[in-house]
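Note sheet for the following structure.
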Amino acid sequence: MVDSRTPPEVDRVEASRRAVAARRARAALKKDVATRVITPQALLERALAEPESPAGAMRVTEFLTSIPAIGEGKRDRILAELGISPVKRLGGLGARQRVDLRGFLDARWPETAPRRGRSRLLVLAGPTAVGKGTVAAQIKSHHPEIMLSVSATTRSPRPGEVDGEHYFFVDDDEFDRMIAAGELLEHATVHNRHRYGTPRAPIDEALAEGRTVLLEIDLQGARQVRSAEPSATLVFLLPPSWDELVDRLVGRGTEDDEERARRLRTAKVELASQFEFDYRVVNDDVARAADEIATLVD
Ligand code: 5GP
């Protein structure tokens, strides 16, 4: 006789498969918060909008400890202060608890509001391998009204790269001369290897004509532009998730463990700088991200 209280084997297999998938989805979300790919506020919003989703099913304890700088002791004090039971899931928070938790997060981790009076000088930066180059190329081909700045570099051209179109390929002496003559708006050594810099003159001309100018440069360069031109509009390109960035960074796994660990450490440091930027744009789809950036200064 079949015991009606025991679910059939297939159902149990299916249920355990679903439980594993849900746990994985929650773990991925926690990593996204821990690495700052998404803000705690964004995760809370998702959870409240869809209580049945992996975000909604996350326990408030797991949520809090995924936030950098919150350990278990601090977590318990926060929960006691907010009057939230540790067994609560985000999707099951009461109305009062939602408001209190959101207020607590906003006070500790204010989300940067875009600053006013931004200029048409757009700077696109982001972590290594997030796809800045692809997004910039998409803007160049689909938004011809925007001028994409051509940088000078000391690295050699790759096959298919054209001098004056992709980069101005120069030697070290010429790069030194450009710096000494004040011809570069910013310059940096990228990945400890080659030097890259943004020629100032073409940018000044395009801005004087009322055009929007886009610089696709590294983080050090973005910081230099901010101090040289405080009104520049700084955009940080984010990966859709931490796991996706890891795939792009170490995808084919051809690096050794040390190199892999080094890249992941760098990515975490790079992601932590996003709050210095005026806007954060998620590269979930190249065309969509490019359109969003192109309309920021309209
Ligand atoms: P690649 O050599 O692959 O074309 O570019 C390597 C890196 O150099 C990219 O992260 C790109 O953003 C950065 N880069 C390109 N041009 C400039 C520039 O003019 N200034 C700075 N600071 N970084 C640049």
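By convention here, the chains of the structure tokens are called A, B, ... in the order presented, each chain's residues are numbered starting at 1, and ligands are numbered starting at 1 in the order presented.
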
6 Å shell around ligand 1 using only C-alpha atoms and all ligand atoms, listed as a PyMOL selection string: chain A and resi 151+187-188+190+196-198+216-218+220-221

10 Å contact set for Asn283 (chain A), only C-alpha atoms, chain neighbours under 6 positions out, as a list in words: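 The residues that qualify are Val130, Gly131, Lys132, Val135, Phe236, Leu237, Leu238, Pro239, Pro240, Ser241, Ala289 and Ala290 of chain A.
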
Those selected residues, please, written with all heavy atoms and delivered as a short mmCIF file (atom, residue, chain, number, x, y, z; two decimals), in the first residue's frame.
data_model
loop_
_atom_site.label_atom_id
_atom_site.label_comp_id
_atom_site.auth_asym_id
_atom_site.auth_seq_id
_atom_site.Cartn_x
_atom_site.Cartn_y
_atom_site.Cartn_z
N VAL A 130 34.25 44.45 -17.27
CA VAL A 130 32.80 44.67 -17.19
C VAL A 130 32.20 44.92 -18.57
O VAL A 130 30.97 44.82 -18.75
CB VAL A 130 32.46 45.83 -16.20
CG1 VAL A 130 32.80 47.17 -16.79
CG2 VAL A 130 31.02 45.78 -15.76
N GLY A 131 33.05 45.25 -19.55
CA GLY A 131 32.54 45.47 -20.91
C GLY A 131 32.45 46.93 -21.30
O GLY A 131 31.65 47.30 -22.17
N LYS A 132 33.30 47.78 -20.70
CA LYS A 132 33.30 49.22 -21.02
C LYS A 132 33.55 49.47 -22.50
O LYS A 132 32.89 50.30 -23.12
CB LYS A 132 34.46 49.92 -20.30
CG LYS A 132 34.20 50.34 -18.91
CD LYS A 132 35.48 50.91 -18.32
CE LYS A 132 36.60 49.89 -18.40
NZ LYS A 132 37.90 50.32 -17.95
N VAL A 135 30.54 48.66 -24.66
CA VAL A 135 29.48 49.65 -24.49
C VAL A 135 29.87 50.96 -25.19
O VAL A 135 29.06 51.58 -25.89
CB VAL A 135 29.15 49.88 -22.99
CG1 VAL A 135 28.22 51.06 -22.80
CG2 VAL A 135 28.53 48.61 -22.40
N PHE A 236 29.64 54.87 -13.72
CA PHE A 236 30.29 53.61 -13.35
C PHE A 236 29.48 52.46 -13.95
O PHE A 236 28.28 52.35 -13.71
CB PHE A 236 30.33 53.48 -11.83
CG PHE A 236 31.23 52.39 -11.33
CD1 PHE A 236 32.57 52.65 -11.04
CD2 PHE A 236 30.74 51.10 -11.13
CE1 PHE A 236 33.41 51.65 -10.56
CE2 PHE A 236 31.58 50.10 -10.66
CZ PHE A 236 32.91 50.37 -10.37
N LEU A 237 30.14 51.63 -14.75
CA LEU A 237 29.44 50.50 -15.36
C LEU A 237 29.55 49.29 -14.43
O LEU A 237 30.65 48.89 -14.04
CB LEU A 237 30.08 50.21 -16.72
CG LEU A 237 29.28 49.30 -17.66
CD1 LEU A 237 27.94 49.92 -18.04
CD2 LEU A 237 30.10 48.98 -18.92
N LEU A 238 28.40 48.72 -14.10
CA LEU A 238 28.35 47.58 -13.17
C LEU A 238 28.01 46.29 -13.91
O LEU A 238 27.22 46.32 -14.86
CB LEU A 238 27.25 47.83 -12.14
CG LEU A 238 27.56 48.72 -10.95
CD1 LEU A 238 26.27 49.12 -10.25
CD2 LEU A 238 28.49 47.99 -9.98
N PRO A 239 28.55 45.17 -13.45
CA PRO A 239 28.12 43.89 -14.03
C PRO A 239 26.73 43.56 -13.51
O PRO A 239 26.34 44.05 -12.45
CB PRO A 239 29.15 42.91 -13.48
CG PRO A 239 29.55 43.50 -12.17
CD PRO A 239 29.51 44.99 -12.35
N PRO A 240 25.96 42.71 -14.20
CA PRO A 240 24.64 42.34 -13.69
C PRO A 240 24.73 41.56 -12.39
O PRO A 240 23.81 41.59 -11.57
CB PRO A 240 24.04 41.47 -14.79
CG PRO A 240 25.03 41.39 -15.88
CD PRO A 240 26.25 42.14 -15.51
N SER A 241 25.83 40.84 -12.18
CA SER A 241 26.01 40.12 -10.91
C SER A 241 27.49 39.85 -10.71
O SER A 241 28.28 39.92 -11.66
CB SER A 241 25.26 38.78 -10.92
OG SER A 241 25.91 37.90 -11.81
N ALA A 289 22.33 49.44 -22.03
CA ALA A 289 23.25 50.23 -21.20
C ALA A 289 23.76 51.43 -21.99
O ALA A 289 23.84 52.55 -21.47
CB ALA A 289 24.41 49.35 -20.73
N ALA A 290 24.08 51.20 -23.28
CA ALA A 290 24.59 52.30 -24.13
C ALA A 290 23.53 53.40 -24.26
O ALA A 290 23.84 54.59 -24.14
CB ALA A 290 24.97 51.77 -25.51
#

Atomic separation - CA of Ala19 (chain A) relative to CA of Glu52 (chain A), Å: 13.0 Å
